[in-house]
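Participant: My structure is stored as input.cif, with mmCIF, C-alpha atoms.
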```cif
data_work
#
loop_
_atom_site.label_atom_id
_atom_site.label_comp_id
_atom_site.auth_asym_id
_atom_site.auth_seq_id
_atom_site.Cartn_x
_atom_site.Cartn_y
_atom_site.Cartn_z
CA MET A 1 -21.31 -25.57 -19.12
CA GLY A 2 -20.44 -26.13 -22.75
CA GLU A 3 -20.18 -22.37 -23.22
CA VAL A 4 -17.81 -22.13 -20.25
CA LEU A 5 -15.56 -24.83 -21.74
CA LYS A 6 -15.65 -23.13 -25.14
CA GLN A 7 -14.67 -19.80 -23.55
CA GLU A 8 -11.78 -21.41 -21.68
CA ASN A 9 -10.48 -23.25 -24.77
CA TYR A 10 -10.68 -20.29 -27.16
CA ASN A 11 -9.37 -17.67 -24.75
CA LYS A 12 -6.96 -19.99 -22.93
CA THR A 13 -8.13 -18.71 -19.54
CA THR A 14 -10.35 -19.91 -16.73
CA GLU A 15 -11.41 -16.32 -15.95
CA ILE A 16 -14.78 -15.38 -17.43
CA ALA A 17 -15.54 -11.69 -17.26
CA GLN A 18 -18.31 -11.12 -19.78
CA THR A 19 -22.03 -11.70 -19.52
CA PHE A 20 -23.59 -14.73 -21.19
CA LYS A 21 -24.82 -13.41 -24.52
CA ASP A 22 -27.73 -15.61 -25.64
CA ASP A 23 -31.41 -15.69 -24.74
CA PRO A 24 -32.86 -18.64 -22.83
CA ILE A 25 -33.14 -21.76 -24.97
CA ASP A 26 -36.78 -22.57 -25.75
CA GLY A 27 -37.76 -19.85 -23.28
CA TRP A 28 -36.97 -21.93 -20.19
CA ILE A 29 -33.44 -23.38 -20.30
CA TYR A 30 -31.06 -20.88 -18.70
CA PRO A 31 -27.38 -21.63 -19.32
CA HIS A 32 -26.88 -18.15 -17.86
CA ILE A 33 -27.35 -19.61 -14.39
CA PHE A 34 -24.40 -21.99 -14.70
CA TRP A 35 -22.33 -19.33 -16.42
CA ASP A 36 -22.87 -16.82 -13.59
CA ILE A 37 -22.36 -19.35 -10.79
CA TYR A 38 -19.05 -20.40 -12.32
CA LYS A 39 -18.02 -16.84 -13.25
CA ARG A 40 -18.62 -15.61 -9.68
CA LYS A 41 -16.70 -18.62 -8.29
CA LEU A 42 -19.66 -19.88 -6.30
CA ALA A 43 -19.13 -23.51 -7.38
CA LEU A 44 -16.47 -25.54 -9.13
CA LYS A 45 -17.17 -27.04 -12.55
CA ILE A 46 -17.21 -30.54 -11.09
CA GLN A 47 -19.81 -29.46 -8.50
CA ILE A 48 -22.02 -27.99 -11.23
CA TYR A 49 -21.69 -31.14 -13.35
CA ASP A 50 -22.54 -33.31 -10.32
CA CYS A 51 -25.74 -31.33 -9.80
CA LEU A 52 -26.94 -31.60 -13.40
CA ARG A 53 -28.57 -34.96 -12.62
CA GLU A 54 -31.33 -33.00 -10.86
CA ASP A 55 -34.44 -32.61 -13.01
CA THR A 56 -35.81 -29.32 -11.64
CA TYR A 57 -34.30 -25.91 -11.00
CA LEU A 58 -35.31 -26.25 -7.35
CA GLY A 59 -33.45 -29.56 -7.06
CA LEU A 60 -30.43 -28.09 -8.82
CA ALA A 61 -30.38 -25.01 -6.58
CA ASN A 62 -30.75 -27.11 -3.42
CA GLU A 63 -27.94 -29.45 -4.46
CA LEU A 64 -25.59 -26.55 -5.33
CA CYS A 65 -26.41 -24.88 -2.00
CA TYR A 66 -25.78 -28.15 -0.15
CA LYS A 67 -22.34 -28.41 -1.76
CA ASN A 68 -21.57 -24.72 -1.08
CA PRO A 69 -23.49 -23.70 2.06
CA ASP A 70 -21.44 -20.54 2.63
CA LYS A 71 -22.47 -19.30 -0.84
CA ALA A 72 -26.09 -20.46 -0.78
CA THR A 73 -27.62 -16.96 -0.63
CA GLU A 74 -25.68 -15.84 -3.71
CA ILE A 75 -26.54 -19.04 -5.60
CA ILE A 76 -30.26 -18.64 -4.90
CA GLN A 77 -30.06 -14.99 -5.98
CA ILE A 78 -28.68 -16.02 -9.38
CA PHE A 79 -31.60 -18.39 -9.91
CA LYS A 80 -34.00 -15.58 -8.98
CA GLU A 81 -32.30 -13.17 -11.42
CA TYR A 82 -33.24 -15.37 -14.38
CA ILE A 83 -36.36 -17.20 -13.20
CA THR A 84 -38.78 -14.58 -11.92
CA ASP A 85 -41.14 -17.05 -10.23
CA PHE A 86 -38.34 -19.17 -8.73
CA GLN A 87 -39.08 -20.36 -5.20
CA ALA A 88 -36.12 -21.62 -3.20
CA GLU A 89 -38.47 -23.82 -1.22
CA PRO A 90 -41.94 -25.14 -1.96
CA ASP A 91 -44.96 -23.82 -0.12
CA TYR A 92 -45.27 -26.47 2.58
CA ASP A 93 -48.80 -27.65 3.21
CA VAL A 94 -47.73 -29.60 6.32
CA VAL A 95 -45.20 -28.29 8.84
CA LEU A 96 -44.06 -30.51 11.71
CA GLU A 97 -42.13 -28.22 14.02
CA ASN A 98 -40.98 -28.51 17.64
CA LEU A 99 -42.71 -31.86 18.16
CA THR A 100 -42.08 -35.01 20.13
CA ILE A 101 -43.81 -37.99 18.58
CA ALA A 102 -45.01 -40.07 21.55
CA THR A 103 -47.55 -42.30 19.77
CA TYR A 104 -47.80 -43.99 16.36
CA THR A 105 -48.49 -40.99 14.10
CA THR A 106 -49.12 -40.55 10.36
CA TYR A 107 -49.09 -37.28 8.40
CA TYR A 108 -50.24 -36.80 4.80
CA GLY A 109 -49.26 -33.94 2.50
CA LYS A 110 -47.89 -32.69 -0.77
CA ASP A 111 -44.79 -30.84 0.52
CA ILE A 112 -43.81 -31.46 4.12
CA LEU A 113 -41.32 -29.62 6.34
CA ILE A 114 -39.94 -31.43 9.39
CA LYS A 115 -38.08 -29.16 11.80
CA ASN A 116 -36.90 -29.93 15.33
CA VAL A 117 -38.77 -33.23 15.68
CA ASN A 118 -38.02 -36.08 18.09
CA ILE A 119 -39.48 -39.61 17.80
CA ALA A 120 -39.68 -41.23 21.22
CA SER A 121 -38.36 -44.74 21.78
CA GLY A 122 -40.81 -47.42 20.70
CA GLU A 123 -42.91 -45.01 18.59
CA LYS A 124 -43.30 -44.57 14.84
CA LEU A 125 -43.71 -41.55 12.55
CA VAL A 126 -45.09 -42.19 9.07
CA VAL A 127 -44.99 -39.39 6.50
CA ASN A 128 -47.01 -39.98 3.34
CA CYS A 129 -45.93 -37.31 0.88
CA LYS A 130 -46.64 -36.63 -2.81
CA ASN A 131 -43.74 -34.30 -3.66
CA SER A 132 -41.07 -33.45 -1.11
CA ILE A 133 -40.01 -33.89 2.49
CA MET A 134 -37.54 -31.33 3.86
CA ILE A 135 -35.84 -32.13 7.16
CA LYS A 136 -34.19 -29.13 8.81
CA ASP A 137 -32.52 -28.50 12.13
CA SER A 138 -32.72 -31.24 14.72
CA PHE A 139 -34.37 -34.54 13.82
CA VAL A 140 -33.91 -37.35 16.33
CA ALA A 141 -35.22 -40.90 16.09
CA GLU A 142 -34.46 -42.44 19.47
CA LYS A 143 -33.25 -46.03 19.75
CA GLY A 144 -36.19 -48.36 19.13
CA SER A 145 -38.26 -45.79 17.26
CA GLU A 146 -39.17 -45.84 13.56
CA PHE A 147 -39.45 -43.27 10.78
CA GLU A 148 -41.09 -44.19 7.50
CA PHE A 149 -41.75 -42.02 4.49
CA ILE A 150 -43.89 -43.00 1.54
#
```
In structure tokens, what does this structure look like?

Facilitator:
Amino acid sequence: MGEVLKQENYNKTTEIAQTFKDDPIDGWIYPHIFWDIYKRKLALKIQIYDCLREDTYLGLANELCYKNPDKATEIIQIFKEYITDFQAEPDYDVVLENLTIATYTTYYGKDILIKNVNIASGEKLVVNCKNSIMIKDSFVAEKGSEFEFI
């Protein structure tokens, strides 16, 4: 983002037309990503700055997509242009999909996807996860139910 600010100050414009000129820093830091996202008007500067608290490219991409859902496909594509092995989502080792939890249930995993899950009243779902839990689509914890993640 420093390069964007430098460009704006020297050229007195907020329009950036050229390609970012430098190689990745230390072989893995890609200022090109921020440059292109801003250049293509996929996120505002303040949105990019807000996302810089994330400590992985995956976290950064997810946060930018969350802030700009209508531009998520383009944002992910920019990450893939520069990071050849970039995965927009982890490979989930546990997938909880289209379930109703009707008894006390515990799941263990490294990366867990929860999609269209309902926890019945009076029941409990415990998810013990090492890395990430992604909740998509419908997730309902009925009154009197519990959801715990560790």

Participant: At a cut-off of 10 Å, using all atoms listed in the file, what residues contact Ala43 (chain A)? Leave out same-chain residues fewer than 6 positions from it and give the result as a list in words.

Facilitator: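 The contact residues come out as Phe34, Asp36, Ile37, Leu64, Cys65, Lys67, Asn68, Lys71 and Ile75 of chain A.
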
Participant: Which distance in Å separates CA of Thr56 (chain A) and CA of Tyr38 (chain A), to one decimal?

Facilitator: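 We find that CA of Thr56 (chain A) and CA of Tyr38 (chain A) lie 19.0 Å from each other.
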
Participant: So the first atom is CA of Ala61 (chain A) and the second is CA of Tyr82 (chain A); what is the distance between them in Å, to one decimal place?

Facilitator: 12.7 Å

Participant: List, as a list in words, every residue that the PyMOL selection byres ((chain A and resi 88-103) around 8) selects in the file provided.

Facilitator: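 What the PyMOL selection byres ((chain A and resi 88-103) around 8) grabs from the file is Leu58, Ala61, Asn62, Ile76, Phe86, Gln87, Tyr104, Thr105, Tyr108, Gly109, Lys110, Asp111, Ile112, Leu113, Ile114, Lys115, Asn116, Val117, Asn118, Ile119, Ala120, Glu123, Lys124 and Leu125 of chain A.
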
Participant: Please indicate the distance in Å from CA of Pro31 (chain A) to CA of Ile135 (chain A), rounded to one decimal place.

Facilitator: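 Computed distance, CA of Pro31 (chain A) to CA of Ile135 (chain A), equals 29.7 Å.
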
Participant: For Ala72 (chain A), which residue among A:Asp85, A:Leu42, A:Glu54, A:Ala141 is the nearest when counting all atoms listed in the file?

Facilitator: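 Residue with the minimum atom-to-atom distance to Ala72 (chain A): A:Leu42.
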
Participant: Go through A:Met134, A:Ile78, A:Leu60, A:Val127 and flag the residue nearest His32 (chain A), using only C-alpha atoms for the distances.

Facilitator: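 Ranking A:Met134, A:Ile78, A:Leu60, A:Val127 by distance to His32 (chain A), first place goes to A:Ile78.
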
Participant: With distances taken over all atoms listed in the file, which of A:Tyr30, A:Lys39, A:Gln77, A:Ile150 is nearest to Asn131 (chain A)?

Facilitator: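 That would be A:Ile150, the residue with the smallest distance to Asn131 (chain A).
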
Participant: With all atoms listed in the file as the basis for distance, which of A:Glu74, A:Glu63, A:Lys130, A:Leu52 is at the shortest distance from Arg40 (chain A)?

Facilitator: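 That would be A:Glu74, the residue with the smallest distance to Arg40 (chain A).
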
Participant: So, counting only C-alpha atoms, which residue among A:Tyr49, A:Tyr66, A:Phe147, A:Tyr107 is closest to Asn128 (chain A)?

Facilitator: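 Residue with the minimum atom-to-atom distance to Asn128 (chain A): A:Tyr107.
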